[in-house]
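Novice: Contents are mmCIF, C-alpha atoms; file name coords00.cif:
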data_start
#
loop_
_atom_site.label_atom_id
_atom_site.label_comp_id
_atom_site.auth_asym_id
_atom_site.auth_seq_id
_atom_site.Cartn_x
_atom_site.Cartn_y
_atom_site.Cartn_z
CA MET I 90 0.27 -18.74 -42.53
CA ALA I 91 -2.27 -18.52 -39.71
CA LEU I 92 -1.92 -21.10 -36.95
CA LYS I 93 -5.37 -22.64 -36.67
CA SER I 94 -4.47 -25.49 -34.35
CA LYS I 95 -5.35 -24.97 -30.69
CA LYS I 96 -2.17 -26.62 -29.54
CA TYR I 97 -0.03 -23.63 -30.45
CA PRO I 98 -1.81 -21.10 -28.17
CA LEU I 99 -1.73 -23.66 -25.36
CA LEU I 100 1.95 -24.25 -26.00
CA PHE I 101 2.74 -20.56 -25.59
CA LEU I 102 0.46 -20.25 -22.55
CA ALA I 103 1.95 -23.29 -20.82
CA PRO I 104 4.95 -21.50 -19.19
CA ALA I 105 2.75 -18.75 -17.77
CA LEU I 106 0.14 -21.24 -16.54
CA ALA I 107 2.84 -23.37 -14.94
CA PHE I 108 4.35 -20.32 -13.22
CA ILE I 109 0.96 -19.16 -11.89
CA SER I 110 0.09 -22.66 -10.71
CA VAL I 111 3.39 -23.27 -8.90
CA PHE I 112 3.80 -19.85 -7.30
CA LEU I 113 0.18 -18.72 -6.84
CA LEU I 114 -2.59 -21.31 -7.10
CA ILE I 115 -0.89 -24.20 -5.29
CA PRO I 116 0.40 -22.03 -2.39
CA LEU I 117 -3.04 -20.41 -2.12
CA GLY I 118 -4.74 -23.79 -1.95
CA ARG I 119 -2.31 -25.04 0.69
CA THR I 120 -2.76 -21.84 2.72
CA ILE I 121 -6.54 -22.34 2.68
CA TYR I 122 -6.02 -25.89 3.95
CA TYR I 123 -3.56 -24.78 6.63
CA SER I 124 -6.06 -22.16 7.84
CA LEU I 125 -8.47 -25.00 8.63
CA THR I 126 -5.96 -26.85 10.80
CA ALA I 127 -4.28 -26.58 14.19
CA TRP I 128 -0.63 -26.40 13.09
CA TYR I 129 2.08 -25.40 15.55
CA ASN I 130 5.87 -25.15 15.42
CA PHE I 131 5.90 -26.13 11.72
CA SER I 132 5.48 -29.74 12.83
CA PRO I 133 4.66 -32.42 10.25
CA THR I 134 1.34 -33.14 12.02
CA LYS I 135 -1.69 -30.97 11.41
CA LYS I 136 -5.08 -31.44 13.05
CA PHE I 137 -8.12 -30.46 11.00
CA ILE I 138 -10.34 -28.11 13.06
CA GLY I 139 -12.56 -26.56 10.41
CA LEU I 140 -13.36 -22.88 10.92
CA GLN I 141 -12.06 -22.70 14.49
CA ASN I 142 -9.15 -20.42 13.55
CA TYR I 143 -11.59 -17.97 11.97
CA ILE I 144 -13.81 -18.11 15.07
CA ASN I 145 -10.78 -17.44 17.27
CA MET I 146 -9.99 -14.40 15.13
CA LEU I 147 -13.29 -12.80 16.15
CA GLU I 148 -12.23 -13.01 19.81
CA ASP I 149 -8.65 -11.79 19.33
CA PRO I 150 -8.26 -8.18 20.59
CA ILE I 151 -4.86 -7.73 18.90
CA LEU I 152 -6.36 -8.75 15.57
CA ARG I 153 -8.99 -6.02 15.98
CA ILE I 154 -6.19 -3.51 16.55
CA ALA I 155 -4.36 -4.79 13.45
CA LEU I 156 -7.56 -4.54 11.42
CA ARG I 157 -8.17 -0.99 12.61
CA ASN I 158 -4.60 0.05 11.85
CA THR I 159 -4.74 -1.48 8.38
CA GLY I 160 -7.88 0.54 7.71
CA ILE I 161 -6.16 3.71 8.98
CA LEU I 162 -3.18 3.06 6.74
CA ILE I 163 -5.41 2.50 3.69
CA VAL I 164 -7.33 5.75 4.29
CA PHE I 165 -4.08 7.62 4.99
CA ALA I 166 -2.54 6.27 1.77
CA LEU I 167 -5.62 6.99 -0.35
CA ILE I 168 -5.78 10.60 0.82
CA PHE I 169 -2.12 11.53 0.92
CA GLN I 170 -0.39 9.26 -1.60
CA ILE I 171 -2.88 9.93 -4.39
CA GLY I 172 -3.58 13.51 -3.28
CA ILE I 173 0.04 14.62 -2.97
CA ALA I 174 1.06 12.71 -6.10
CA THR I 175 -1.70 14.36 -8.14
CA LEU I 176 -0.89 17.82 -6.78
CA LEU I 177 2.83 17.42 -7.50
CA ALA I 178 2.15 16.10 -11.00
CA ILE I 179 -0.09 19.05 -11.86
CA CYS I 180 2.50 21.51 -10.52
CA VAL I 181 5.44 19.85 -12.28
CA ASP I 182 3.48 19.73 -15.55
CA CYS I 183 3.49 23.53 -15.47
CA VAL I 184 7.28 23.66 -15.11
CA ARG I 185 9.12 24.38 -18.33
CA HIS I 186 12.72 24.16 -17.05
CA GLY I 187 14.22 21.46 -14.83
CA PHE I 188 11.37 19.05 -15.50
CA LYS I 189 13.60 15.96 -15.30
CA ILE I 190 15.12 17.08 -11.99
CA PHE I 191 11.72 17.21 -10.28
CA ARG I 192 10.75 13.85 -11.74
CA THR I 193 13.98 12.23 -10.51
CA VAL I 194 13.83 13.78 -7.02
CA TYR I 195 10.21 12.77 -6.39
CA PHE I 196 10.70 9.25 -7.72
CA PHE I 197 13.96 8.61 -5.84
CA PRO I 198 12.38 7.25 -2.59
CA VAL I 199 10.65 4.51 -4.60
CA VAL I 200 13.97 2.85 -5.47
CA ILE I 201 15.15 2.84 -1.84
CA SER I 202 14.30 -0.29 0.12
CA ALA I 203 11.55 0.02 2.71
CA THR I 204 13.93 -1.39 5.33
CA ALA I 205 16.40 1.44 4.79
CA ILE I 206 13.64 4.07 4.90
CA GLY I 207 12.17 2.46 8.02
CA LEU I 208 15.57 2.50 9.72
CA MET I 209 16.04 6.16 8.79
CA PHE I 210 12.67 7.16 10.25
CA SER I 211 13.19 5.05 13.38
CA LEU I 212 16.33 7.11 13.99
CA ILE I 213 14.41 10.32 13.31
CA TYR I 214 11.86 9.37 15.98
CA LYS I 215 14.48 8.52 18.67
CA TYR I 216 14.05 10.36 21.96
CA ASP I 217 17.71 11.03 22.84
CA TYR I 218 19.33 11.73 19.48
CA GLY I 219 16.50 11.75 16.94
CA LEU I 220 16.28 14.49 14.32
CA LEU I 221 12.85 15.71 15.45
CA ASN I 222 13.86 16.08 19.08
CA ASN I 223 17.16 17.73 18.13
CA ILE I 224 15.18 20.31 16.16
CA LEU I 225 12.89 20.89 19.15
CA ALA I 226 15.90 21.17 21.48
CA SER I 227 17.57 23.72 19.19
CA MET I 228 14.38 25.80 19.43
CA GLY I 229 14.36 25.57 23.23
CA ARG I 230 11.43 23.17 23.33
CA GLU I 231 11.13 19.97 25.35
CA ARG I 232 11.86 16.62 23.72
CA GLN I 233 8.85 14.49 22.84
CA VAL I 234 8.17 10.76 22.82
CA TRP I 235 7.03 10.25 19.24
CA LEU I 236 6.34 6.51 19.26
CA THR I 237 3.41 6.34 21.66
CA ALA I 238 0.50 3.91 21.62
CA ARG I 239 -1.69 6.56 20.01
CA SER I 240 0.76 7.90 17.44
CA ALA I 241 2.71 4.77 16.45
CA ILE I 242 0.54 3.84 13.46
CA TYR I 243 0.86 7.38 12.08
CA CYS I 244 4.62 7.25 12.56
CA VAL I 245 4.53 4.18 10.31
CA ALA I 246 2.13 5.77 7.80
CA VAL I 247 4.33 8.84 7.20
CA PRO I 248 7.37 6.98 5.75
CA THR I 249 5.06 4.59 3.89
CA VAL I 250 3.36 7.49 2.14
CA TRP I 251 6.67 9.27 1.49
CA GLN I 252 8.19 6.20 -0.14
CA HIS I 253 5.37 5.56 -2.61
CA VAL I 254 4.22 9.08 -3.53
CA GLY I 255 6.82 9.18 -6.30
CA PHE I 256 5.42 6.11 -8.02
CA TYR I 257 1.89 7.53 -8.25
CA PHE I 258 3.37 10.91 -9.19
CA ILE I 259 4.96 9.33 -12.29
CA VAL I 260 1.70 7.52 -13.15
CA VAL I 261 -0.35 10.72 -12.92
CA LEU I 262 2.29 12.73 -14.76
CA THR I 263 2.20 10.21 -17.60
CA GLY I 264 -1.59 10.51 -17.70
CA ILE I 265 -1.34 14.30 -17.93
CA ALA I 266 1.16 13.99 -20.78
CA ASN I 267 -1.38 11.91 -22.72
CA ILE I 268 -4.05 14.62 -22.57
CA SER I 269 -4.38 16.30 -25.93
CA GLU I 270 -2.72 19.72 -26.14
CA ASP I 271 -5.60 20.92 -28.34
CA ILE I 272 -7.90 20.88 -25.30
CA TYR I 273 -5.52 23.06 -23.30
CA GLU I 274 -4.94 25.43 -26.22
CA SER I 275 -8.68 25.95 -26.71
CA ALA I 276 -9.13 26.62 -23.00
CA THR I 277 -6.20 29.06 -23.00
CA LEU I 278 -7.74 31.01 -25.88
CA ASP I 279 -10.92 31.27 -23.80
CA GLY I 280 -8.91 32.84 -20.99
CA ILE I 281 -9.00 29.95 -18.51
CA THR I 282 -6.87 30.31 -15.37
CA PRO I 283 -4.34 27.62 -14.34
CA TRP I 284 -6.52 26.70 -11.33
CA LYS I 285 -9.63 26.20 -13.45
CA LYS I 286 -7.58 24.29 -16.04
CA ALA I 287 -6.51 21.81 -13.35
CA VAL I 288 -10.00 21.46 -11.82
CA TYR I 289 -12.17 21.40 -14.94
CA ILE I 290 -9.86 19.78 -17.51
CA THR I 291 -6.92 17.90 -16.00
CA LEU I 292 -8.64 16.13 -13.09
CA PRO I 293 -11.70 14.94 -15.08
CA MET I 294 -9.42 13.62 -17.83
CA LEU I 295 -7.35 11.78 -15.22
CA LYS I 296 -10.23 9.79 -13.72
CA PRO I 297 -9.22 6.44 -15.31
CA ILE I 298 -5.68 6.93 -14.00
CA LEU I 299 -6.96 7.82 -10.53
CA VAL I 300 -9.17 4.70 -10.47
CA SER I 301 -6.12 2.55 -11.23
CA ASN I 302 -4.15 4.36 -8.53
CA VAL I 303 -6.87 3.69 -5.96
CA VAL I 304 -6.72 -0.04 -6.67
CA LEU I 305 -2.91 -0.03 -6.51
CA VAL I 306 -2.88 1.91 -3.23
CA VAL I 307 -5.30 -0.48 -1.54
CA SER I 308 -3.42 -3.59 -2.65
CA GLN I 309 -0.08 -2.04 -1.68
CA SER I 310 -1.36 -1.09 1.79
CA PHE I 311 -2.13 -4.73 2.56
CA ARG I 312 1.49 -5.61 1.70
CA VAL I 313 3.12 -3.12 4.08
CA PHE I 314 5.20 -5.13 6.52
CA ASP I 315 8.88 -4.20 6.57
CA MET I 316 8.14 -0.55 7.42
CA VAL I 317 6.18 -1.36 10.58
CA TYR I 318 8.60 -4.15 11.47
CA VAL I 319 11.60 -1.81 11.40
CA VAL I 320 10.05 1.40 12.77
CA THR I 321 7.93 0.07 15.66
CA GLY I 322 8.06 -3.73 15.60
CA GLY I 323 4.28 -3.66 16.03
CA GLY I 324 4.56 -1.88 19.38
CA PRO I 325 4.16 -0.34 21.78
CA ARG I 326 1.79 -2.98 23.20
CA HIS I 327 0.82 -4.11 19.67
CA GLU I 328 -0.76 -0.69 19.03
CA SER I 329 0.89 -0.35 15.59
CA GLU I 330 0.28 -3.91 14.39
CA LEU I 331 -0.98 -4.36 10.85
CA LEU I 332 -2.60 -7.53 9.57
CA SER I 333 0.64 -8.37 7.76
CA SER I 334 2.87 -7.85 10.80
CA TYR I 335 0.50 -9.72 13.11
CA MET I 336 0.38 -12.62 10.66
CA TYR I 337 4.18 -12.72 10.71
CA SER I 338 4.20 -12.57 14.51
CA LYS I 339 1.75 -15.47 14.85
CA ALA I 340 3.67 -17.58 12.32
CA PHE I 341 7.29 -16.96 13.32
CA ALA I 342 7.09 -15.80 16.95
CA ASP I 343 4.15 -17.77 18.33
CA TYR I 344 4.56 -20.58 15.76
CA ASN I 345 0.79 -20.76 15.33
CA THR I 346 0.94 -21.28 11.58
CA GLY I 347 -2.68 -22.35 11.20
CA PHE I 348 -3.92 -19.11 12.73
CA ALA I 349 -1.44 -17.10 10.65
CA SER I 350 -2.74 -18.82 7.50
CA ALA I 351 -6.28 -17.81 8.44
CA ILE I 352 -5.14 -14.19 8.74
CA ALA I 353 -3.56 -14.45 5.28
CA ILE I 354 -6.81 -15.71 3.77
CA VAL I 355 -8.78 -12.91 5.44
CA MET I 356 -6.32 -10.38 4.02
CA ILE I 357 -6.78 -11.79 0.53
CA ILE I 358 -10.58 -11.72 0.81
CA MET I 359 -10.57 -8.18 2.21
CA GLY I 360 -8.24 -6.97 -0.52
CA ILE I 361 -10.42 -8.45 -3.28
CA LEU I 362 -13.66 -7.12 -1.78
CA LEU I 363 -12.30 -3.66 -1.05
CA THR I 364 -10.73 -3.15 -4.45
CA GLY I 365 -13.90 -4.47 -6.10
CA VAL I 366 -16.10 -2.05 -4.15
CA LEU I 367 -13.81 0.90 -4.87
CA ARG I 368 -13.65 0.07 -8.58
CA PHE I 369 -17.46 -0.13 -8.66
CA LEU I 370 -17.88 3.19 -6.89
CA MET I 371 -15.31 4.91 -9.09
CA SER I 372 -16.93 3.49 -12.24
CA LYS I 373 -20.31 4.80 -11.05
CA ILE I 374 -18.79 8.25 -10.55
CA GLN I 375 -17.33 8.11 -14.06
CA GLY I 376 -20.68 6.94 -15.45
CA ASP I 377 -22.52 9.80 -13.76
CA ASP I 378 -20.16 12.27 -15.39
#
Kindly present the structure from the file in structure tokens form.
Specialist:
Amino acid sequence: MALKSKKYPLLFLAPALAFISVFLLIPLGRTIYYSLTAWYNFSPTKKFIGLQNYINMLEDPILRIALRNTGILIVFALIFQIGIATLLAICVDCVRHGFKIFRTVYFFPVVISATAIGLMFSLIYKYDYGLLNNILASMGRERQVWLTARSAIYCVAVPTVWQHVGFYFIVVLTGIANISEDIYESATLDGITPWKKAVYITLPMLKPILVSNVVLVVSQSFRVFDMVYVVTGGGPRHESELLSSYMYSKAFADYNTGFASAIAIVMIIMGILLTGVLRFLMSKIQGDD
């Protein structure tokens, strides 16, 4: 018998609504309020100052560095995470033997904690006993300082990309598996080459998957914290700070929680706007096709 009463849908929705309210909406509302206050040292007193924290952000040179680095990381992730994942998925789809081995190997970094990967790469970058410098020394080359002010953000981006490529690889591979075999068989009968099959059939059919991956990459890039914290600590001279790491530094090192809350709100707004713009642009590209 159909349940026509409205109380039953509300009853089933109540746990989810309560969970979202307690762990998302209420904390978000409190963070917005904290961003409008001068709150230091987690003291019980908070002074309402309006938009002053946001005004101070415009004059903060370290915040500009963190904003620039976050943008670099997003672009780096969009190009290499999605690009490498798509390339690997197309190549592995052509493999007829050992398919599961490739899938397991590429996905393995995803299950490792970012802290462990960050520690591993921080050891790789070490000057005295790091893997990279040991390789250079074995070739008779001079050791290099890898974590410089100019290169630090890229030294963070490399392990970040490496860790998450496997996730997007699995997503793209699943999308390829859902493409009808009849399309490929017809193209094969027409004498299509593997390169043209990938460019003219596989990639166009994967556009909805790639749009979803773009949104996931952008949102994930805003959440990167532990990698930069372990590999560089935001240094040298704050040159590898991200918005997330700088927010942590202001909250738990400088104890300026009001300012840190303002950074959190800006991150949320930027994430929503950027993903919205990218979804719109990708939908326009799909519509044009």
Novice: Just checking: using all atoms listed in the file, which residue out of I:Thr204, I:Ser372, I:Ser132, I:Ser110 ends up closest to I:Val300?
Specialist: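 Among the listed residues, I:Ser372 lies closest to I:Val300.
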Novice: Contacts of I:Ile361 at 9 Å or less, counting only C-alpha atoms, minus same-chain residues fewer than 5 places along, as a PyMOL selection string?
Specialist: chain I and resi 308+356+366
Novice: Let me have the centre and edge lengths in Å, one decimal, of the box along x, y and z around every listed atom of stretch 156-170 of chain I with 6 Å of margin on each side, as lines of an AutoDock Vina configuration file.
Specialist:
center_x = -4.3
center_y = 3.5
center_z = 5.5
size_x = 19.8
size_y = 28.1
size_z = 26.2
Novice: On this file, the PyMOL selection byres ((chain I and resi 273-289) around 12) gives some set of residues; write that set as number ranges by chain.
Specialist: I: 175-180, 182-183, 265-272, 290-296
Novice: Given only C-alpha atoms as the basis, pick out the residue of I:Val304, I:Leu162, I:Val181, I:Met359 nearest to I:Ala241.
Specialist: I:Leu162
Novice: Would you compute the distance between atom CA of I:Phe169 and atom CA of I:Ser301? Give it in Å to one decimal.
Specialist: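 For atom CA of I:Phe169 relative to atom CA of I:Ser301, the distance reads 15.6 Å.
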Novice: Atom CA of I:Phe137 to atom CA of I:Leu117: how many Å, to one decimal?
Specialist: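 Rounded to one decimal, the two atoms are 17.3 Å apart.
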Novice: Using the chain letters and residue numbers of this document, give as an MDAnalysis selection string the residues selected by the PyMOL selection byres ((chain I and resi 159) around 9).
Specialist: chainID I and resid 154:158 160:164 310:311 330:333
Novice: Write out as CSV a residue-level contact list of stretch 107-220 of chain I versus stretch 342-351 of chain I with cut-off 9 Å: for each qualifying residue the closest pair of atoms and the distance in Å to one decimal, counting all atoms listed in the file, rows sorted by chain and residue number upward.
Specialist:
residue,atom,partner,partner_atom,distance
I:Thr120,CA,I:Ser350,CA,5.7
I:Ile121,CA,I:Ser350,CA,7.1
I:Tyr122,CA,I:Ser350,CA,8.6
I:Tyr123,CA,I:Gly347,CA,5.3
I:Ser124,CA,I:Ala351,CA,4.4
I:Leu125,CA,I:Gly347,CA,6.9
I:Thr126,CA,I:Gly347,CA,5.6
I:Ala127,CA,I:Gly347,CA,5.4
I:Trp128,CA,I:Gly347,CA,4.9
I:Tyr129,CA,I:Asn345,CA,4.8
I:Asn130,CA,I:Tyr344,CA,4.8
I:Phe131,CA,I:Thr346,CA,6.9
I:Lys135,CA,I:Gly347,CA,8.7
I:Asn142,CA,I:Phe348,CA,5.5
I:Tyr143,CA,I:Ala351,CA,6.4
I:Asn145,CA,I:Phe348,CA,8.4
I:Met146,CA,I:Phe348,CA,8.0
Novice: Enter the distance from atom CA of I:Val261 to atom CA of I:Met316, in Å, rounded to one decimal.
Specialist: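 Atom-to-atom, atom CA of I:Val261 and atom CA of I:Met316 are spaced 24.8 Å apart.
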Novice: Hey, which of I:Thr321, I:Phe256, I:Ile171, I:Ile352 ends up closest to I:Phe210? Count all atoms listed in the file.
Specialist: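 Among the listed residues, I:Thr321 lies closest to I:Phe210.
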Novice: Which one of I:Arg185, I:Val234, I:Asn302, I:Val317 sits closest to I:Ala246 if you count all atoms listed in the file?
Specialist: I:Val317
Novice: Write out as a ChimeraX atom specification the residues lying within 10 Å of I:Gly172, counting all atoms listed in the file and excluding same-chain residues fewer than 5 positions away.
Specialist: /I:166-167,177-178,254,257-258,299
Novice: Calculated over all atoms listed in the file, which of the candidates I:Ser202, I:Gln309, I:Gln141, I:Ser329 has the smallest distance to I:Cys244?
Specialist: I:Ser329
Novice: Out of I:Val320, I:Val307, I:Ile151, I:Val260, which residue has the shortest atom-to-atom distance to I:Thr364 when counting only C-alpha atoms?
Specialist: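 Smallest separation from I:Thr364 among the options: I:Val307.
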Novice: Evaluating the PyMOL selection byres ((chain I and resi 232) around 6) on the displayed file yields which residues, as an mmCIF file with C-alpha atoms, in the frame of the given file?
Specialist:
data_model
loop_
_atom_site.group_PDB
_atom_site.id
_atom_site.type_symbol
_atom_site.label_atom_id
_atom_site.label_comp_id
_atom_site.auth_asym_id
_atom_site.auth_seq_id
_atom_site.Cartn_x
_atom_site.Cartn_y
_atom_site.Cartn_z
ATOM 1 C CA ASN I 222 13.860 16.080 19.080
ATOM 2 C CA GLU I 231 11.130 19.970 25.350
ATOM 3 C CA GLN I 233 8.850 14.490 22.840
#
Novice: Is it possible to add N, CA and C atoms to stretch 147-168 of chain I and hand it back as a short mmCIF file (atom, residue, chain, number, x, y, z; two decimals), keeping the file's coordinate frame?
Specialist:
data_model
loop_
_atom_site.label_atom_id
_atom_site.label_comp_id
_atom_site.auth_asym_id
_atom_site.auth_seq_id
_atom_site.Cartn_x
_atom_site.Cartn_y
_atom_site.Cartn_z
N LEU I 147 -12.25 -13.73 15.70
CA LEU I 147 -13.29 -12.80 16.15
C LEU I 147 -13.10 -12.42 17.61
N GLU I 148 -12.42 -13.26 18.38
CA GLU I 148 -12.23 -13.01 19.81
C GLU I 148 -10.84 -12.48 20.13
N ASP I 149 -10.03 -12.22 19.12
CA ASP I 149 -8.65 -11.79 19.33
C ASP I 149 -8.59 -10.26 19.37
N PRO I 150 -8.29 -9.66 20.53
CA PRO I 150 -8.26 -8.18 20.59
C PRO I 150 -7.12 -7.57 19.77
N ILE I 151 -5.98 -8.27 19.68
CA ILE I 151 -4.86 -7.73 18.90
C ILE I 151 -5.22 -7.70 17.41
N LEU I 152 -5.95 -8.72 16.97
CA LEU I 152 -6.36 -8.75 15.57
C LEU I 152 -7.28 -7.56 15.25
N ARG I 153 -8.13 -7.18 16.20
CA ARG I 153 -8.99 -6.02 15.98
C ARG I 153 -8.15 -4.75 15.85
N ILE I 154 -7.10 -4.66 16.66
CA ILE I 154 -6.19 -3.51 16.55
C ILE I 154 -5.51 -3.50 15.19
N ALA I 155 -5.03 -4.68 14.76
CA ALA I 155 -4.36 -4.79 13.45
C ALA I 155 -5.31 -4.44 12.32
N LEU I 156 -6.56 -4.86 12.44
CA LEU I 156 -7.56 -4.54 11.42
C LEU I 156 -7.84 -3.05 11.38
N ARG I 157 -7.95 -2.44 12.55
CA ARG I 157 -8.17 -0.99 12.61
C ARG I 157 -6.99 -0.23 12.02
N ASN I 158 -5.79 -0.64 12.36
CA ASN I 158 -4.60 0.05 11.85
C ASN I 158 -4.45 -0.11 10.35
N THR I 159 -4.79 -1.28 9.83
CA THR I 159 -4.74 -1.48 8.38
C THR I 159 -5.72 -0.56 7.68
N GLY I 160 -6.91 -0.40 8.26
CA GLY I 160 -7.88 0.54 7.71
C GLY I 160 -7.38 1.98 7.74
N ILE I 161 -6.73 2.36 8.87
CA ILE I 161 -6.16 3.71 8.98
C ILE I 161 -5.09 3.93 7.92
N LEU I 162 -4.24 2.93 7.73
CA LEU I 162 -3.18 3.06 6.74
C LEU I 162 -3.75 3.18 5.33
N ILE I 163 -4.79 2.42 5.02
CA ILE I 163 -5.41 2.50 3.69
C ILE I 163 -5.99 3.89 3.45
N VAL I 164 -6.74 4.41 4.43
CA VAL I 164 -7.33 5.75 4.29
C VAL I 164 -6.23 6.80 4.17
N PHE I 165 -5.21 6.69 5.02
CA PHE I 165 -4.08 7.62 4.99
C PHE I 165 -3.41 7.60 3.62
N ALA I 166 -3.20 6.40 3.08
CA ALA I 166 -2.54 6.27 1.77
C ALA I 166 -3.41 6.81 0.65
N LEU I 167 -4.72 6.51 0.70
CA LEU I 167 -5.62 6.99 -0.35
C LEU I 167 -5.64 8.52 -0.40
N ILE I 168 -5.68 9.14 0.78
CA ILE I 168 -5.78 10.60 0.82
C ILE I 168 -4.46 11.25 0.43
#
